[in-house]
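Here is the structure we will look at, set down as structure tokens.
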Amino acid sequence: MFEKVLIANRGEIAVRVMRSLKEMGIKTVAVYSEADREALHVRKADEAVCVGPAASSESYLLGDKILEAAKTTGAQAIHPGYGFLSENADFARACKEAGVAFIGPSPRAIEVMGEKTRARELMAKAGVPLVPGTPNAIEEATEALRLAEEIGFPVLVKAAAGGGGKGMRRVDSSAEFVAAFEGARREAISAFGNGDVYIEKFVLKPRHVEIQVLADEAGNTIHLFERDCSVQRRHQKIIEETPCPVLSDATREAMGKVAVQAARAVDYVGAGTVEFLLDAEENFYFLEMNTRLQVEHPITEMITGIDLVRWQVRIADGQDLGFAQEDIIRRGAAVECRIYAEDPENQFRPSPGLLTTVRPPSGPGVREDSGVYEGARVPVHYDPMISKLITWGEDRDHALARMRRALDEYTITGIETNLAFHREVLEHPDFVSGEYDTQFVPQWLKARPGREKKEELTAELGAVLAAHRRDEALAHGSGAGSNGGPRESRGSRWKDVGRLRQLGRIR
Ligand code: MV4
């Protein structure tokens, strides 16, 4: 087994990975940028190497520099976390060539899955259901229009090199098609340096449901059930849960089998995720495969009891899974809220700065994976996600009740966060019912009053309450006004606050 592993990442995931390594008796090496000198992941590591200035492109994305750090510290393996170099086939290959294990799949699997049309082609061959569409990239606009008409509108023009929603265009009619097609091609060229686009039937109001898979070098491939990630905004996930609240056991089993087929088709080794769109009739279609550990992996760990990082490390060390699909037992439900340093009341603008208070929740069924501490600074240079709050319960209601309780316990001051936003979602009837799809957050945000509107409502309510008190006081014959009267007739301001709170106007 490895004696020392370098973590090529920062924030909560670097800390998360180190925790499992420590449990396995493995020494840890952190890398950090100049902006992260004081970061939690640096403090938690046995050793740390500065790899460059704040900008990711000059630090966390420098494969050569990071590989060099592994060699000078004597780390035998590199865990890439998510983002940064985690799905960079060239980096995975460079590690291999340098005699350092890359804790992830083969460079080939990363490459194949990174190219959407290649992935689609391979998945079709493996019998994985795809959204009806063109198997390959289309060059010619008139040919593309003919195919779009054959598929039937609405269609989605997607970039072959894209993913995560980048370079996608919805087209509703033949009249709009050619302009949208050419636009998508230009966008793809400027975003990915590759103008290849293909066409899919547009699936209306889909849910995003993904399956966790795990495979060893010996060819044992299993799945660890699903995660529903439909609570998103601009392709940024906000809340994930498992099990998917609307999935039948039959569909769950079918999706799991298909995900294993998909992984086998690329000789996948390690932890991976197969993403699907799920429509209202429980049809599911392959979207893409993520060849990394995902942000939301803890909810799967909570319901299966399996430490995914521990298994990633063992698999990279050449060990066999040692258990079969039948050995995986699903228990209860889990939900994750991503805590962002951002201001939901101001277009979700990032809110970096000094964390003057950080009081995380704890107690039964609560897990907090954090990358920060009280007194730390959230730098401007990176993703604003500062921690993840995960709860487990015997069933969905229990997990959600614990999440509401944990969110109420959680205090962060000094910067803006989306904690209050999470509290609102956890009380939204559509979320509570489980009957939501990927349009839930964007649709709700359109209808939801902004902060100014809310303050106006609070003021109005306060005025109504004051008038009511005045009327009550007059009716009781004291004759005193609401302001400046004797304490008893004025009533308790703390109770007023409590009443307003109950009316949901303030927090
Ligand atoms: C789609 C779709 C509807 N129909 N494909 C967005 C991210 C990218 N990985 C795929 N995406 C979508 N592909 C077809 N044929 C709708 C989306 C989509 C979406 C998917 C998952 C989660 C959130 C989403 C939000 C908007 C659109």
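Ligands are numbered from 1 in the order shown, residues from 1 within each chain, and chains are lettered A, B, ... in the order they appear in the structure tokens.
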Near-region 166-180 of chain A list (12 Å; only C-alpha atoms; drop same-chain fewer than 3 positions) as a PDB file with N, CA, C and O atoms, in the first residue's frame:
ATOM      1  N   GLU A 139     -21.809  18.577 -39.708  1.00  0.00           N
ATOM      2  CA  GLU A 139     -21.042  19.729 -40.202  1.00  0.00           C
ATOM      3  C   GLU A 139     -21.945  20.762 -40.871  1.00  0.00           C
ATOM      4  O   GLU A 139     -21.789  21.960 -40.681  1.00  0.00           O
ATOM      5  N   GLU A 140     -22.887  20.244 -41.631  1.00  0.00           N
ATOM      6  CA  GLU A 140     -23.610  21.069 -42.601  1.00  0.00           C
ATOM      7  C   GLU A 140     -24.972  21.485 -42.059  1.00  0.00           C
ATOM      8  O   GLU A 140     -25.755  20.646 -41.620  1.00  0.00           O
ATOM      9  N   ALA A 141     -25.274  22.799 -42.118  1.00  0.00           N
ATOM     10  CA  ALA A 141     -26.498  23.325 -41.512  1.00  0.00           C
ATOM     11  C   ALA A 141     -27.780  22.744 -42.117  1.00  0.00           C
ATOM     12  O   ALA A 141     -28.718  22.421 -41.392  1.00  0.00           O
ATOM     13  N   THR A 142     -27.811  22.597 -43.464  1.00  0.00           N
ATOM     14  CA  THR A 142     -29.046  22.096 -44.086  1.00  0.00           C
ATOM     15  C   THR A 142     -29.271  20.616 -43.768  1.00  0.00           C
ATOM     16  O   THR A 142     -30.403  20.189 -43.535  1.00  0.00           O
ATOM     17  N   GLU A 143     -28.166  19.880 -43.696  1.00  0.00           N
ATOM     18  CA  GLU A 143     -28.221  18.463 -43.300  1.00  0.00           C
ATOM     19  C   GLU A 143     -28.701  18.376 -41.843  1.00  0.00           C
ATOM     20  O   GLU A 143     -29.553  17.551 -41.492  1.00  0.00           O
ATOM     21  N   ALA A 144     -28.165  19.255 -41.012  1.00  0.00           N
ATOM     22  CA  ALA A 144     -28.550  19.293 -39.597  1.00  0.00           C
ATOM     23  C   ALA A 144     -30.038  19.606 -39.443  1.00  0.00           C
ATOM     24  O   ALA A 144     -30.727  18.980 -38.632  1.00  0.00           O
ATOM     25  N   LEU A 145     -30.521  20.554 -40.246  1.00  0.00           N
ATOM     26  CA  LEU A 145     -31.938  20.926 -40.194  1.00  0.00           C
ATOM     27  C   LEU A 145     -32.826  19.734 -40.564  1.00  0.00           C
ATOM     28  O   LEU A 145     -33.830  19.461 -39.895  1.00  0.00           O
ATOM     29  N   ARG A 146     -32.414  19.023 -41.600  1.00  0.00           N
ATOM     30  CA  ARG A 146     -33.175  17.841 -42.037  1.00  0.00           C
ATOM     31  C   ARG A 146     -33.261  16.822 -40.880  1.00  0.00           C
ATOM     32  O   ARG A 146     -34.330  16.298 -40.555  1.00  0.00           O
ATOM     33  N   LEU A 147     -32.121  16.595 -40.222  1.00  0.00           N
ATOM     34  CA  LEU A 147     -32.084  15.639 -39.106  1.00  0.00           C
ATOM     35  C   LEU A 147     -32.920  16.125 -37.921  1.00  0.00           C
ATOM     36  O   LEU A 147     -33.605  15.337 -37.270  1.00  0.00           O
ATOM     37  N   ALA A 148     -32.864  17.437 -37.649  1.00  0.00           N
ATOM     38  CA  ALA A 148     -33.640  18.012 -36.542  1.00  0.00           C
ATOM     39  C   ALA A 148     -35.132  17.818 -36.792  1.00  0.00           C
ATOM     40  O   ALA A 148     -35.890  17.468 -35.878  1.00  0.00           O
ATOM     41  N   GLU A 149     -35.544  18.011 -38.047  1.00  0.00           N
ATOM     42  CA  GLU A 149     -36.962  17.834 -38.394  1.00  0.00           C
ATOM     43  C   GLU A 149     -37.383  16.374 -38.238  1.00  0.00           C
ATOM     44  O   GLU A 149     -38.499  16.079 -37.823  1.00  0.00           O
ATOM     45  N   GLU A 150     -36.443  15.476 -38.561  1.00  0.00           N
ATOM     46  CA  GLU A 150     -36.694  14.047 -38.412  1.00  0.00           C
ATOM     47  C   GLU A 150     -36.873  13.677 -36.935  1.00  0.00           C
ATOM     48  O   GLU A 150     -37.780  12.927 -36.569  1.00  0.00           O
ATOM     49  N   ILE A 151     -35.992  14.242 -36.096  1.00  0.00           N
ATOM     50  CA  ILE A 151     -36.050  13.984 -34.645  1.00  0.00           C
ATOM     51  C   ILE A 151     -37.321  14.604 -34.065  1.00  0.00           C
ATOM     52  O   ILE A 151     -37.981  14.007 -33.216  1.00  0.00           O
ATOM     53  N   GLY A 152     -37.675  15.787 -34.552  1.00  0.00           N
ATOM     54  CA  GLY A 152     -38.864  16.507 -34.081  1.00  0.00           C
ATOM     55  C   GLY A 152     -38.513  17.552 -33.040  1.00  0.00           C
ATOM     56  O   GLY A 152     -37.773  17.257 -32.101  1.00  0.00           O
ATOM     57  N   PHE A 153     -39.067  18.749 -33.163  1.00  0.00           N
ATOM     58  CA  PHE A 153     -38.778  19.850 -32.236  1.00  0.00           C
ATOM     59  C   PHE A 153     -39.567  19.689 -30.945  1.00  0.00           C
ATOM     60  O   PHE A 153     -40.626  19.056 -30.969  1.00  0.00           O
ATOM     61  N   PRO A 154     -39.119  20.243 -29.826  1.00  0.00           N
ATOM     62  CA  PRO A 154     -37.849  20.959 -29.658  1.00  0.00           C
ATOM     63  C   PRO A 154     -36.630  20.023 -29.653  1.00  0.00           C
ATOM     64  O   PRO A 154     -36.728  18.883 -29.213  1.00  0.00           O
ATOM     65  N   VAL A 155     -35.510  20.550 -30.157  1.00  0.00           N
ATOM     66  CA  VAL A 155     -34.250  19.804 -30.106  1.00  0.00           C
ATOM     67  C   VAL A 155     -33.212  20.618 -29.334  1.00  0.00           C
ATOM     68  O   VAL A 155     -33.420  21.801 -29.047  1.00  0.00           O
ATOM     69  N   LEU A 156     -32.122  19.946 -28.997  1.00  0.00           N
ATOM     70  CA  LEU A 156     -31.033  20.610 -28.302  1.00  0.00           C
ATOM     71  C   LEU A 156     -29.779  20.416 -29.140  1.00  0.00           C
ATOM     72  O   LEU A 156     -29.456  19.282 -29.516  1.00  0.00           O
ATOM     73  N   VAL A 157     -29.109  21.524 -29.465  1.00  0.00           N
ATOM     74  CA  VAL A 157     -27.831  21.428 -30.169  1.00  0.00           C
ATOM     75  C   VAL A 157     -26.753  21.446 -29.092  1.00  0.00           C
ATOM     76  O   VAL A 157     -26.715  22.348 -28.254  1.00  0.00           O
ATOM     77  N   LYS A 158     -25.931  20.412 -29.076  1.00  0.00           N
ATOM     78  CA  LYS A 158     -24.915  20.281 -28.021  1.00  0.00           C
ATOM     79  C   LYS A 158     -23.513  20.213 -28.599  1.00  0.00           C
ATOM     80  O   LYS A 158     -23.301  19.615 -29.655  1.00  0.00           O
ATOM     81  N   ALA A 159     -22.560  20.786 -27.881  1.00  0.00           N
ATOM     82  CA  ALA A 159     -21.160  20.726 -28.297  1.00  0.00           C
ATOM     83  C   ALA A 159     -20.576  19.366 -27.932  1.00  0.00           C
ATOM     84  O   ALA A 159     -20.745  18.898 -26.808  1.00  0.00           O
ATOM     85  N   ALA A 160     -19.888  18.745 -28.871  1.00  0.00           N
ATOM     86  CA  ALA A 160     -19.282  17.435 -28.635  1.00  0.00           C
ATOM     87  C   ALA A 160     -18.233  17.507 -27.524  1.00  0.00           C
ATOM     88  O   ALA A 160     -18.058  16.574 -26.752  1.00  0.00           O
ATOM     89  N   ALA A 161     -17.551  18.632 -27.434  1.00  0.00           N
ATOM     90  CA  ALA A 161     -16.503  18.792 -26.429  1.00  0.00           C
ATOM     91  C   ALA A 161     -17.057  19.394 -25.130  1.00  0.00           C
ATOM     92  O   ALA A 161     -16.314  19.616 -24.185  1.00  0.00           O
ATOM     93  N   GLY A 162     -18.359  19.656 -25.118  1.00  0.00           N
ATOM     94  CA  GLY A 162     -18.975  20.359 -23.977  1.00  0.00           C
ATOM     95  C   GLY A 162     -19.226  19.465 -22.778  1.00  0.00           C
ATOM     96  O   GLY A 162     -18.523  18.497 -22.555  1.00  0.00           O
ATOM     97  N   GLY A 163     -20.233  19.828 -22.035  1.00  0.00           N
ATOM     98  CA  GLY A 163     -20.540  19.141 -20.788  1.00  0.00           C
ATOM     99  C   GLY A 163     -20.901  20.189 -19.765  1.00  0.00           C
ATOM    100  O   GLY A 163     -20.546  21.365 -19.932  1.00  0.00           O
ATOM    101  N   GLY A 183     -24.726  29.435 -34.445  1.00  0.00           N
ATOM    102  CA  GLY A 183     -24.348  30.078 -33.175  1.00  0.00           C
ATOM    103  C   GLY A 183     -23.689  29.088 -32.235  1.00  0.00           C
ATOM    104  O   GLY A 183     -22.660  29.382 -31.606  1.00  0.00           O
ATOM    105  N   ALA A 184     -24.278  27.900 -32.144  1.00  0.00           N
ATOM    106  CA  ALA A 184     -23.736  26.861 -31.262  1.00  0.00           C
ATOM    107  C   ALA A 184     -22.338  26.445 -31.710  1.00  0.00           C
ATOM    108  O   ALA A 184     -21.451  26.222 -30.883  1.00  0.00           O
ATOM    109  N   ARG A 185     -22.150  26.359 -33.033  1.00  0.00           N
ATOM    110  CA  ARG A 185     -20.830  25.985 -33.568  1.00  0.00           C
ATOM    111  C   ARG A 185     -19.757  27.022 -33.215  1.00  0.00           C
ATOM    112  O   ARG A 185     -18.668  26.670 -32.769  1.00  0.00           O
ATOM    113  N   ARG A 186     -20.137  28.303 -33.405  1.00  0.00           N
ATOM    114  CA  ARG A 186     -19.190  29.390 -33.075  1.00  0.00           C
ATOM    115  C   ARG A 186     -18.846  29.361 -31.585  1.00  0.00           C
ATOM    116  O   ARG A 186     -17.682  29.469 -31.210  1.00  0.00           O
ATOM    117  N   GLU A 187     -19.897  29.191 -30.772  1.00  0.00           N
ATOM    118  CA  GLU A 187     -19.712  29.157 -29.317  1.00  0.00           C
ATOM    119  C   GLU A 187     -18.790  28.001 -28.908  1.00  0.00           C
ATOM    120  O   GLU A 187     -17.917  28.155 -28.051  1.00  0.00           O
ATOM    121  N   ALA A 188     -18.995  26.860 -29.549  1.00  0.00           N
ATOM    122  CA  ALA A 188     -18.191  25.676 -29.237  1.00  0.00           C
ATOM    123  C   ALA A 188     -16.730  25.896 -29.610  1.00  0.00           C
ATOM    124  O   ALA A 188     -15.828  25.499 -28.879  1.00  0.00           O
ATOM    125  N   ILE A 189     -16.503  26.552 -30.744  1.00  0.00           N
ATOM    126  CA  ILE A 189     -15.128  26.835 -31.176  1.00  0.00           C
ATOM    127  C   ILE A 189     -14.439  27.741 -30.161  1.00  0.00           C
ATOM    128  O   ILE A 189     -13.323  27.462 -29.718  1.00  0.00           O
ATOM    129  N   SER A 190     -15.140  28.813 -29.769  1.00  0.00           N
ATOM    130  CA  SER A 190     -14.478  29.756 -28.849  1.00  0.00           C
ATOM    131  C   SER A 190     -14.340  29.179 -27.443  1.00  0.00           C
ATOM    132  O   SER A 190     -13.377  29.471 -26.743  1.00  0.00           O
ATOM    133  N   ALA A 191     -15.275  28.316 -27.019  1.00  0.00           N
ATOM    134  CA  ALA A 191     -15.209  27.767 -25.660  1.00  0.00           C
ATOM    135  C   ALA A 191     -14.289  26.549 -25.560  1.00  0.00           C
ATOM    136  O   ALA A 191     -13.598  26.377 -24.561  1.00  0.00           O
ATOM    137  N   PHE A 192     -14.293  25.690 -26.582  1.00  0.00           N
ATOM    138  CA  PHE A 192     -13.555  24.421 -26.475  1.00  0.00           C
ATOM    139  C   PHE A 192     -12.499  24.240 -27.554  1.00  0.00           C
ATOM    140  O   PHE A 192     -11.783  23.238 -27.565  1.00  0.00           O
ATOM    141  N   GLY A 193     -12.431  25.184 -28.506  1.00  0.00           N
ATOM    142  CA  GLY A 193     -11.503  25.021 -29.620  1.00  0.00           C
ATOM    143  C   GLY A 193     -11.907  23.873 -30.534  1.00  0.00           C
ATOM    144  O   GLY A 193     -11.087  23.330 -31.272  1.00  0.00           O
ATOM    145  N   ASN A 194     -13.174  23.465 -30.431  1.00  0.00           N
ATOM    146  CA  ASN A 194     -13.694  22.349 -31.224  1.00  0.00           C
ATOM    147  C   ASN A 194     -15.151  22.666 -31.534  1.00  0.00           C
ATOM    148  O   ASN A 194     -15.981  22.741 -30.638  1.00  0.00           O
ATOM    149  N   GLY A 195     -15.445  22.855 -32.822  1.00  0.00           N
ATOM    150  CA  GLY A 195     -16.777  23.307 -33.226  1.00  0.00           C
ATOM    151  C   GLY A 195     -17.776  22.197 -33.493  1.00  0.00           C
ATOM    152  O   GLY A 195     -18.877  22.465 -33.968  1.00  0.00           O
ATOM    153  N   ASP A 196     -17.408  20.946 -33.181  1.00  0.00           N
ATOM    154  CA  ASP A 196     -18.323  19.835 -33.441  1.00  0.00           C
ATOM    155  C   ASP A 196     -19.574  19.931 -32.565  1.00  0.00           C
ATOM    156  O   ASP A 196     -19.476  20.061 -31.344  1.00  0.00           O
ATOM    157  N   VAL A 197     -20.731  19.860 -33.208  1.00  0.00           N
ATOM    158  CA  VAL A 197     -21.995  19.835 -32.461  1.00  0.00           C
ATOM    159  C   VAL A 197     -22.869  18.686 -32.962  1.00  0.00           C
ATOM    160  O   VAL A 197     -22.767  18.270 -34.113  1.00  0.00           O
ATOM    161  N   TYR A 198     -23.716  18.183 -32.078  1.00  0.00           N
ATOM    162  CA  TYR A 198     -24.669  17.141 -32.472  1.00  0.00           C
ATOM    163  C   TYR A 198     -26.052  17.535 -31.958  1.00  0.00           C
ATOM    164  O   TYR A 198     -26.186  18.523 -31.225  1.00  0.00           O
ATOM    165  N   ILE A 199     -27.049  16.783 -32.358  1.00  0.00           N
ATOM    166  CA  ILE A 199     -28.426  17.170 -32.051  1.00  0.00           C
ATOM    167  C   ILE A 199     -29.144  16.076 -31.262  1.00  0.00           C
ATOM    168  O   ILE A 199     -29.014  14.887 -31.577  1.00  0.00           O
ATOM    169  N   GLU A 200     -29.878  16.487 -30.239  1.00  0.00           N
ATOM    170  CA  GLU A 200     -30.692  15.554 -29.459  1.00  0.00           C
ATOM    171  C   GLU A 200     -32.116  16.073 -29.369  1.00  0.00           C
ATOM    172  O   GLU A 200     -32.341  17.288 -29.374  1.00  0.00           O
ATOM    173  N   LYS A 201     -33.039  15.168 -29.208  1.00  0.00           N
ATOM    174  CA  LYS A 201     -34.408  15.547 -28.868  1.00  0.00           C
ATOM    175  C   LYS A 201     -34.355  16.228 -27.500  1.00  0.00           C
ATOM    176  O   LYS A 201     -33.625  15.787 -26.613  1.00  0.00           O
ATOM    177  N   PHE A 202     -35.101  17.319 -27.337  1.00  0.00           N
ATOM    178  CA  PHE A 202     -35.107  18.004 -26.039  1.00  0.00           C
ATOM    179  C   PHE A 202     -36.066  17.288 -25.096  1.00  0.00           C
ATOM    180  O   PHE A 202     -37.248  17.149 -25.389  1.00  0.00           O
ATOM    181  N   VAL A 203     -35.539  16.821 -23.964  1.00  0.00           N
ATOM    182  CA  VAL A 203     -36.376  16.158 -22.967  1.00  0.00           C
ATOM    183  C   VAL A 203     -36.975  17.232 -22.062  1.00  0.00           C
ATOM    184  O   VAL A 203     -36.239  18.011 -21.452  1.00  0.00           O
ATOM    185  N   LEU A 204     -38.301  17.278 -22.000  1.00  0.00           N
ATOM    186  CA  LEU A 204     -38.975  18.333 -21.228  1.00  0.00           C
ATOM    187  C   LEU A 204     -38.956  18.026 -19.739  1.00  0.00           C
ATOM    188  O   LEU A 204     -39.198  16.892 -19.333  1.00  0.00           O
ATOM    189  N   ARG A 234     -28.269  27.263 -13.024  1.00  0.00           N
ATOM    190  CA  ARG A 234     -27.226  27.472 -14.033  1.00  0.00           C
ATOM    191  C   ARG A 234     -26.187  26.358 -14.029  1.00  0.00           C
ATOM    192  O   ARG A 234     -24.972  26.621 -13.993  1.00  0.00           O
ATOM    193  N   HIS A 235     -26.651  25.141 -14.001  1.00  0.00           N
ATOM    194  CA  HIS A 235     -25.811  23.948 -14.026  1.00  0.00           C
ATOM    195  C   HIS A 235     -24.910  23.834 -12.800  1.00  0.00           C
ATOM    196  O   HIS A 235     -23.919  23.101 -12.801  1.00  0.00           O
ATOM    197  N   GLN A 236     -25.260  24.574 -11.780  1.00  0.00           N
ATOM    198  CA  GLN A 236     -24.557  24.477 -10.494  1.00  0.00           C
ATOM    199  C   GLN A 236     -25.503  23.740  -9.543  1.00  0.00           C
ATOM    200  O   GLN A 236     -26.612  24.209  -9.279  1.00  0.00           O
TER     201      GLN A 236
END
> Skipping near chain neighbours, those fewer than 3 positions away, what residues fall within 12 Å of His398 (chain A) using only C-alpha atoms, listed as a PyMOL selection string?
Replying inline: chain A and resi 332-335+364-366+391-395+401-405+432
If you take only C-alpha atoms and a cut-off of 9 Å, which residues of region 250-334 of chain A touch region 19-31 of chain A, and what are their nearest atom pairs and distances in Å to one decimal, in chain and number order, as JSON lines?
{"residue": "A:Asp307", "atom": "CA", "partner": "A:Ser20", "partner_atom": "CA", "distance": 7.8}
{"residue": "A:Val309", "atom": "CA", "partner": "A:Ser20", "partner_atom": "CA", "distance": 6.4}
{"residue": "A:Arg310", "atom": "CA", "partner": "A:Ser20", "partner_atom": "CA", "distance": 5.8}
{"residue": "A:Val313", "atom": "CA", "partner": "A:Leu21", "partner_atom": "CA", "distance": 8.2}
>> Give me, as a ChimeraX atom specification, all polymer residues having an atom no more than 10 Å from Val266 (chain A), counting only C-alpha atoms and skipping those fewer than 4 positions away in the same chain.
In response: /A:105-106,108-110,112-113,119,122-123,126,261-262
>> According to DSSP computed on the backbone, where in region 97-160 of chain A is there helix (DSSP H, G or I)? Give the residues as a PyMOL selection string.
In response: chain A and resi 97+107-114+116-125+141-151
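A straight line drawn from CA of Phe284 (chain A) to CA of Val258 (chain A) is 10.0 Å long.
CA of Gln347 (chain A) to CA of Tyr382 (chain A) spans 17.9 Å [interatomic distance, one decimal].
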